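Worksheet: the structure to be examined is printed underneath.
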Amino acid sequence: MIVTLTANPSLDRTVELPGALARGEVQRAVAVHQHSGGKGVNVSRALVASGLDTVAVLPGGDSDPVLAGLLADGVPYAALPISEPLRSNVTLTEPDGVTTKINEPGPELSPDEQEALIGLLLERSRGASWVVLAGSLPPGVPADFYATVARRLRSVDNPANDGGAPLIAIDSSGAPLAASIGGNADGETSGKPDLLKPNAEELAELAAAAGFANVHTADELEADPGLAAKAAAAVVESGVGAVLATLGSKGAVLVTADGAWLATHPPIQAVSTVGAGDSSLAGYLLAATRGGSAQDCLRQAVAHGAAAASLPGSTVPAVHQTTPDAVTITALQKD
């Protein structure tokens, strides 16, 4: 069982344009797709598509369209009732794969609602192999929320840990991402995840937060997988179990304490990159739950990401739609 937490879920609408986006002009869409979204929700949707047990934990009222979408898609969920409607996000995709996103902030969660959401997650995480903490944080939630949740998941006082604490993956950005690799005021580091899934821009942020001597831009990291591996290694050395860094069309880099690898997929015709990173994380977890090696997990991650990018909107692929045999794995130096 894999449990996902999406603190700031959304109703995602993807609008396909027939040509390049023309600012200030009227354009007609060729297609519109709508899905319940948010990073954790997308991971759960991808896991369901491949037949893996999952539960998506999120806030939301019973009549909210996001929950209705999950029900329609057959995605099991546990929702904390809130009075405010969840946010809506709009994505514009151009024929060449260029993607423009407009994301709303989402409803504010009070301290009591935050505590109730954590309690719901702890309850539903009993027996889980992995817990995924993913996406942005809504207004009112502190930047160290995911680190706090990770510590609570691992606490000996958590009754869900009677069979051992689950492994924890975090996929976020900005301040919540940086906080996930830091200790608290007492130097406690139990909030650090077993797996981080940044893109190139987020990896640059993480490397800077981890004290990587030579901070580089996202473009530089995408262009040089060896450099990306060194940046990810600095994050692993800070106490994180592993870093899966997706590098767009360049593939992905996985760094653990035992090694570093680059995975590449033959070029595809990109239709929409929305949710491709979330699908990559789902592919990694799918392989991990089947006992795959680090290289196996990386291979399936890249295969899932490539398949997602070739599908419209935020459609997620099933494992039979992926081509892991087409992925090439290359060992890298991480120091």
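Each chain in the structure tokens gets a letter, A, B, ..., in the order shown, and its residues are numbered from 1; ligands are numbered from 1 in order too.
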
Review point. Hey, what's within 9 Å of segment 269-279 of chain A if we count only C-alpha atoms and toss same-chain stuff fewer than 2 positions away? As a PyMOL selection string, please?
Key: chain A and resi 14+16+37-43+45-47+91+93-99+101+171+197-199+246+248+267+281-284+301-302+304-317

Keeping only C-alpha atoms, write those residues as a tab-separated table (two decimals), in the first residue's frame.
```tsv
chain	number	residue	atom	x	y	z
A	14	THR	CA	-5.72	21.39	-19.54
A	16	GLU	CA	-4.84	22.26	-25.92
A	37	GLY	CA	-4.99	16.82	-9.45
A	38	GLY	CA	-2.21	17.87	-7.17
A	39	LYS	CA	1.07	15.98	-7.06
A	40	GLY	CA	0.05	13.34	-4.54
A	41	VAL	CA	-3.31	12.81	-6.23
A	42	ASN	CA	-1.53	12.35	-9.58
A	43	VAL	CA	0.78	9.74	-8.05
A	45	ARG	CA	-3.99	8.04	-10.05
A	46	ALA	CA	-0.93	6.58	-11.78
A	47	LEU	CA	-0.62	3.80	-9.19
A	91	THR	CA	-2.75	24.57	-18.08
A	93	THR	CA	-0.38	23.33	-23.98
A	94	GLU	CA	1.02	24.21	-27.40
A	95	PRO	CA	1.64	21.70	-30.24
A	96	ASP	CA	5.40	21.70	-29.66
A	97	GLY	CA	4.93	20.67	-26.02
A	98	VAL	CA	5.42	24.12	-24.45
A	99	THR	CA	3.27	24.25	-21.30
A	101	LYS	CA	0.38	26.79	-16.00
A	171	ASP	CA	8.05	16.04	-3.99
A	197	LYS	CA	11.95	13.84	-6.37
A	198	PRO	CA	13.05	17.29	-7.64
A	199	ASN	CA	13.18	18.56	-11.20
A	246	THR	CA	14.03	14.44	-13.39
A	248	GLY	CA	13.03	16.80	-18.75
A	267	PRO	CA	12.93	10.82	-28.03
A	281	LEU	CA	7.64	9.11	-9.04
A	282	ALA	CA	4.79	6.60	-9.41
A	283	GLY	CA	6.95	4.48	-11.72
A	284	TYR	CA	9.81	4.52	-9.21
A	301	ALA	CA	10.57	6.12	-13.40
A	302	VAL	CA	11.88	7.37	-16.74
A	304	HIS	CA	6.59	6.30	-16.79
A	305	GLY	CA	7.60	9.94	-17.27
A	306	ALA	CA	8.12	9.51	-21.01
A	307	ALA	CA	4.77	7.76	-21.40
A	308	ALA	CA	2.99	10.53	-19.46
A	309	ALA	CA	4.53	13.26	-21.62
A	310	SER	CA	3.20	11.53	-24.74
A	311	LEU	CA	-0.40	11.58	-23.44
A	312	PRO	CA	-2.82	14.55	-23.49
A	313	GLY	CA	-3.56	16.77	-20.50
A	314	SER	CA	-2.69	15.28	-17.13
A	315	THR	CA	-3.50	11.74	-18.27
A	316	VAL	CA	-1.38	9.19	-16.40
A	317	PRO	CA	-0.07	6.01	-18.03
```

| request: Please provide as a list of chain:residue names all residues within 10 Å of Ile2 of chain A, with the sequence filter that same-chain residues fewer than 4 positions apart are discarded (counting only C-alpha atoms). | output: A:Val43, A:Ser44, A:Leu47, A:Leu52, A:Asp53, A:Thr54, A:Val55, A:Ala56, A:Arg124, A:Ser125, A:Gly127, A:Ala128, A:Ser129, A:Trp130, A:Val131, A:Val132, A:Pro166, A:Leu167, A:Ile168, A:Ala282, A:Leu285, A:Leu286, A:Thr289

How about saving the chosen residues, C-alpha atoms kept, as a short mmCIF file (atom, residue, chain, number, x, y, z; two decimals), in the first residue's frame?
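result34.cif, written as the output of this step:
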```
data_model
loop_
_atom_site.label_atom_id
_atom_site.label_comp_id
_atom_site.auth_asym_id
_atom_site.auth_seq_id
_atom_site.Cartn_x
_atom_site.Cartn_y
_atom_site.Cartn_z
CA VAL A 43 0.78 9.74 -8.05
CA SER A 44 -2.22 7.84 -6.68
CA LEU A 47 -0.62 3.80 -9.19
CA LEU A 52 -1.28 -0.91 -7.16
CA ASP A 53 -3.08 -0.34 -3.85
CA THR A 54 -3.08 3.31 -2.82
CA VAL A 55 -5.05 5.85 -0.81
CA ALA A 56 -4.99 9.57 -1.52
CA ARG A 124 -4.51 5.70 6.96
CA SER A 125 -0.76 4.96 6.88
CA GLY A 127 0.81 -0.92 7.16
CA ALA A 128 1.84 1.34 4.26
CA SER A 129 5.17 0.64 2.57
CA TRP A 130 5.55 4.24 1.36
CA VAL A 131 3.98 7.59 2.18
CA VAL A 132 4.28 10.34 -0.44
CA PRO A 166 6.80 3.58 6.20
CA LEU A 167 9.40 4.95 3.83
CA ILE A 168 8.78 8.60 2.99
CA ALA A 282 4.79 6.60 -9.41
CA LEU A 285 7.49 3.44 -6.39
CA LEU A 286 5.90 0.76 -8.54
CA THR A 289 7.31 -2.19 -4.18
#
```

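The residue set within 8 Å of Ser238 of chain A, counting only C-alpha atoms and dropping same-chain residues fewer than 3 places from it, reads Ile181, Ala210, Ala234 and Val235 of chain A.
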
Atom CA of Leu153 of chain A sits from atom CA of Ala165 of chain A at a separation of 6.6 Å

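Those residues in segment 105-239 of chain A carrying a DSSP assignment of strand (DSSP E or B), computed from the backbone, are Trp130, Val131, Val132, Leu133, Ala134, Leu167, Ile168, Ala169, Ile170, Asp171, Leu195, Leu196 and Asn199 of chain A.
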
May I have the residues from that selection written out with C-alpha atoms, as an mmCIF file, in the first residue's frame?
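The new file again38.cif reads:
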```cif
data_model
loop_
_atom_site.group_PDB
_atom_site.id
_atom_site.type_symbol
_atom_site.label_atom_id
_atom_site.label_comp_id
_atom_site.auth_asym_id
_atom_site.auth_seq_id
_atom_site.Cartn_x
_atom_site.Cartn_y
_atom_site.Cartn_z
ATOM 1 C CA TRP A 130 5.548 4.244 1.359
ATOM 2 C CA VAL A 131 3.977 7.588 2.182
ATOM 3 C CA VAL A 132 4.283 10.336 -0.436
ATOM 4 C CA LEU A 133 4.114 13.979 0.718
ATOM 5 C CA ALA A 134 3.681 16.033 -2.408
ATOM 6 C CA LEU A 167 9.400 4.946 3.827
ATOM 7 C CA ILE A 168 8.778 8.600 2.985
ATOM 8 C CA ALA A 169 9.033 10.379 -0.370
ATOM 9 C CA ILE A 170 8.709 14.156 -0.756
ATOM 10 C CA ASP A 171 8.050 16.042 -3.986
ATOM 11 C CA LEU A 195 13.455 9.838 -1.320
ATOM 12 C CA LEU A 196 13.284 13.332 -2.830
ATOM 13 C CA ASN A 199 13.179 18.562 -11.196
#
```
